[in-house]
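Undergrad: What follows is a structure written as structure tokens; I'll ask about it next.
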Amino acid sequence: MTGERSDPHSIEEEDLDDFDSWTAQAALASLIDETLSSPEVTRLLARESLRTEVVREELFANETLLAKIRTLQDQVMAEGDRGFRPRNRAVSPGEVIWLLVAVLLGLCYLSLMSAAWTQLPLFFRVFAGMMMPCVLFATGALAVRKVAALHEWINPDSMQFHEEQFGLGPRRSFAAREIVLPEVRDVISAHRRLHFGTTLVFDQQHDLGEEDSSRIVPTAAAKRIRRVLERAGSGAVALGGQRGSGKTTAIRSLQRGLLHGSENPAPLVVVASAPATYDARDFVLHLHKLLCQAVLARIRRALGPELGWRWWARRFWRGSAGLVLSAAFGWAIGGLLWNGEFTQFPAELWQTITAARFPDLLGPLWTNQPVGNRIALAVVAVLALRWAWKLLATATGAVLLFLRRKSSAGPRALEAEARRQLLRIQYLLTYTTGWSGKLAVPAGGELGRTRTTQRAEQQLTHPEVVDEFRAFAQLTAESLREDGITDRVVVAIDELDKIGEQDKAQQLVNDIKGIFGVPGCLYFVAVSDDAVLSFEQRGLAVRDAFDSAFSEVVRLESFTLDESRLWIAQRLPGVPEQFCYLGHCLSGGLPRDLRRTTIDMVDVTIEHYEPSLSTVTGILVRADLTAKASGFTGQARGLAQTPELTELWPKLLRIPDTREAVELAELAAELHEGATPDLAGAVNRVRLHSSAFVLFCATVLDVFTDALTQSRLTPSLHELAVARRRLALDPHLAWAALNDFRKAHDLPLPGRA
């Protein structure tokens with residue numbers, strides 16, 4: 001849509017050559033206008049001082065967004081909804097009602113004026129005559145606005161789009177919420193107001209210490225997980241990535257429905273943590289227990305608690321007590337005010353009411369009564385109306401509850417089954433049955449016999465536990481989907497990557513993969529980088545448990561520079577971009593480390609008022625140096641003493657006391673002296689790691705100073721974050737990357753200062 005049309009809902013005759021394109025563009029225009037006028041988007045636009053026209057033009061130019069709308073229209077058409085055709089529609093019942101309302105308003109005004117015209121003073125006649133055209137115009141405008149057929153009749157040269165002709169049907173709200181709104185947020189984020197400066201200031205903090213934040217950065221992995229949820233009905237998906245890359249956050253987001261992008265109800269998500277030491281049977285039972293609890297919670301949230309006879313008994317006694325108290329209150333007030341004896345008030349009131357005849361009610365019940373009687377009648381009338389309304393509401397609620405109970409028979413049956421299976425999992429049921437008897441004999445003795453049979457349910461074997469879980473999971477998925485409570489069941493297994501030995505992790509997957517492949521159930525499992533590598537080697541001669549268990553792998557990578565900047569800006573609005581770059585470089589873009597670094601930056605503001613960039617960088621780098629120096633010395637302490645290690649010890653001990661960037665660069669050169677790329681030697685490995693890390697800290701101190709202006713904030717600073725990641729993989733590569741960075745930014749190379 002080019003935006004040249006003043007009315008995106010209109011279409012001219014010459015546009016009918018490619019009507020499908022025009023309907024898609026008109027639907028997109030309508031959705032964009034609706035989304036931009038929502039309170040959330042209006043607030044975001046005001047916060048960023050962004051004009052609506054800028055966002056609208058960029059969205060209109062988004063071919064991908066238009067393609068999504070056309071795809072959704074095709075899906076609606078294929079599902080049999082009434083298509084969008086360029087023809088005049090029939091008038092809907094709602095439009096007929098609005099037309100009648102407009103006509104009746106005009107007729108009522110004219111009838112009122114004609115009946116009262118002879119009795120009106122001259123001034124009111126003039127006023128009523130002047131108002132008559134206004135009333136007729138208002139009623140006509142109401143009819144034209146509410147009835148599209150009238151608008152088409154008034155403007156025969158143009159054809160108007162109605163909501164049905166947009167081709168979105170019942171999916172319009174889904175298109176606005178899940179297709180257009182995310183794109184609007186992305187455009188606003190891309191055009192957000194940037195702040196620059198070397199003083200750490202920000203407006204406020206948002207969800208900085210909470211991992212379960214609703215502020216999701218739209219990374220490629222998050223978008224792919226959403227696509228998996230939309231298309232996959234069953235299967236097992238591995239979530240890969242190094243520790244701290246956000247696998248747990250992704251699973252928590254799944255549980256909270258933040259990654260659900262379908263118009264169907266959010267899935268039922270069950271989250272379990274993989275045990276470090278495990279028994280496969282017990283772990284499947286644990287999953288079964290969590291699924292039962294999740295089913296009970298979802299049904300309770302969707303349908304409310306089931307009302308038993310005790311609830312009805314309590315409500316009956318409360319209602320009866322309230323009715324008696326109201327009657328006593330009415331008798332007390334009415335008896336005191338009634339013109340007669342107190343004890344005869346109910347009988348006299350009944351005689352007064354029955355003596356009145358319709359339509360002559362006002363005289364016997366009000367005009368001919370004394371003041372006291374009028375007040376008594378008013379009190380009784382108020383109480384009677386209150387209880388009549390209450391009884392009517394109770395009866396209506398009972399009918400609706402009965403109808404709702406009939407319609408919720410399926411979920412209630414599933415709820416009962418979940419309770420039964422939960423009890424079966426938690427306890428070993430014991431049933432005792434028996435019979436006894438005795439026979440008296442003449443000699444005074446007794447003959448008796450007692451027999452008792454005890455039956456204990458035997459523990460299920462691992463295959464039986466798996467079969468029970470699969471059957472209940474499939475029953476849950478089918479029942480909740482049929483009743484519209486949820487779309488599917490998602491089982492997420494977290495922290496499998498924390499099992500230290502790869503063989504044990506593979507054995508756990510082998511033992512539990514029998515629960516995979518349940519129709520309507522989707523599994524997400526957080527795995528290690530080694531598991532991802534094994535999956536990516538599929539098709540080769542060797543296959544392992546991960547390759548055969550998972551149908552897809554979603555790898556969560558570290559944040560890019562822009563993603564880190566957006567993450568910090570979402571949680572610290574108004575923070576200067578220099579500090580966003582600093583957080584990205586110190587953390588390497590790893591989400592967990594980025595959170596820690598940002599928290600450390602905020603903590604600096606507690607002891608320093610509006611600290612400068614150099615101050616914040618120095619404090620963070622010195623804290624990191626102290627922590628890592630303890631790790632290096634601890635690693636060296638566990639090695640056998642050799643001349644090479646003896647020569648390295650003094651240099652390691654100097655790390656926490658070295659503050660300046662130049663001194664750190666010189667120390668890095670000394671630590672690296674004599675190092676080789678071979679990581680097999682323990683002392684050489686310590687030398688490489690320590691020298692590369694010290695050089696990284698020196699480079700950060702050299703770059704992030706108070707002289708770092710906006711013009712120097714270039715994408716090349718991302719190379720520092722890349723070097724930070726390589727420190728954990730190959731310190732020799734990190735050393736080379738840091739030297740290349742220093743050379744590109746005219747910083748002295750280590751050993752040549």
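Residue numbering restarts at 1 in every chain; chains get A, B, ... in the order shown in the structure tokens, and ligands count up from 1 in that same order.
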Give me, as an MDAnalysis selection string, all polymer residues having an atom no more than 7 Å from stretch 685-699 of chain A, counting only C-alpha atoms and skipping those fewer than 4 positions away in the same chain.
TA: chainID A and resid 621 632 661 664:665 668:669 671:672 675 679 681 703 727 731:732 734:735 738
Undergrad: Can you list, as a list of chain:residue names, every protein, DNA or RNA residue that comes within 10 Å of A:Leu50 when you count only C-alpha atoms, leaving out same-chain residues fewer than 4 positions away?
TA: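 Answer for this query is A:Thr42, A:Leu44, A:Leu45, A:Ala46, A:Val54, A:Val55, A:Ile188, A:His191, A:Arg192, A:Arg193.
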Undergrad: How would you write, as a count of residues only, the set of residues in stretch 330-422 of chain A that DSSP gives as helix (DSSP H, G or I)?
TA: 76
Undergrad: In terms of the shortest atom-to-atom distance over only C-alpha atoms, which of A:Gly197, A:Pro346, A:Pro715, A:Gly106 is closest to A:Ser614?
TA: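 Residue with the minimum atom-to-atom distance to A:Ser614: A:Gly197.
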Undergrad: For the atom pair atom CA of A:Arg374 and atom CA of A:Ser326, what is the interatomic distance in Å to one decimal place?
TA: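 For atom CA of A:Arg374 relative to atom CA of A:Ser326, the distance reads 18.6 Å.
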Undergrad: Could you write out, as a VMD selection string, all the residues of stretch 460-538 of chain A that DSSP marks as strand (DSSP E)?
TA: chain A and resid 489 to 494 521 to 526
Undergrad: Save out the residues we just selected, C-alpha atoms, as a PDB file, in the first residue's frame.
TA:
```
ATOM      1  CA  VAL A 489       0.813 -30.199  25.223  1.00  0.00           C
ATOM      2  CA  VAL A 490       4.440 -29.056  25.429  1.00  0.00           C
ATOM      3  CA  VAL A 491       6.880 -30.905  27.686  1.00  0.00           C
ATOM      4  CA  ALA A 492      10.155 -29.038  28.281  1.00  0.00           C
ATOM      5  CA  ILE A 493      13.127 -30.784  29.900  1.00  0.00           C
ATOM      6  CA  ASP A 494      15.675 -28.276  31.141  1.00  0.00           C
ATOM      7  CA  CYS A 521       2.592 -33.404  22.279  1.00  0.00           C
ATOM      8  CA  LEU A 522       5.734 -31.428  21.490  1.00  0.00           C
ATOM      9  CA  TYR A 523       8.966 -31.900  23.460  1.00  0.00           C
ATOM     10  CA  PHE A 524      11.751 -29.367  24.005  1.00  0.00           C
ATOM     11  CA  VAL A 525      15.000 -30.554  25.570  1.00  0.00           C
ATOM     12  CA  ALA A 526      17.918 -28.287  26.532  1.00  0.00           C
TER      13      ALA A 526
END
```
Undergrad: Mind giving me the straight-line distance from atom CA of A:Asp603 to atom CA of A:Val616 in Å, one decimal?
TA: 9.9 Å
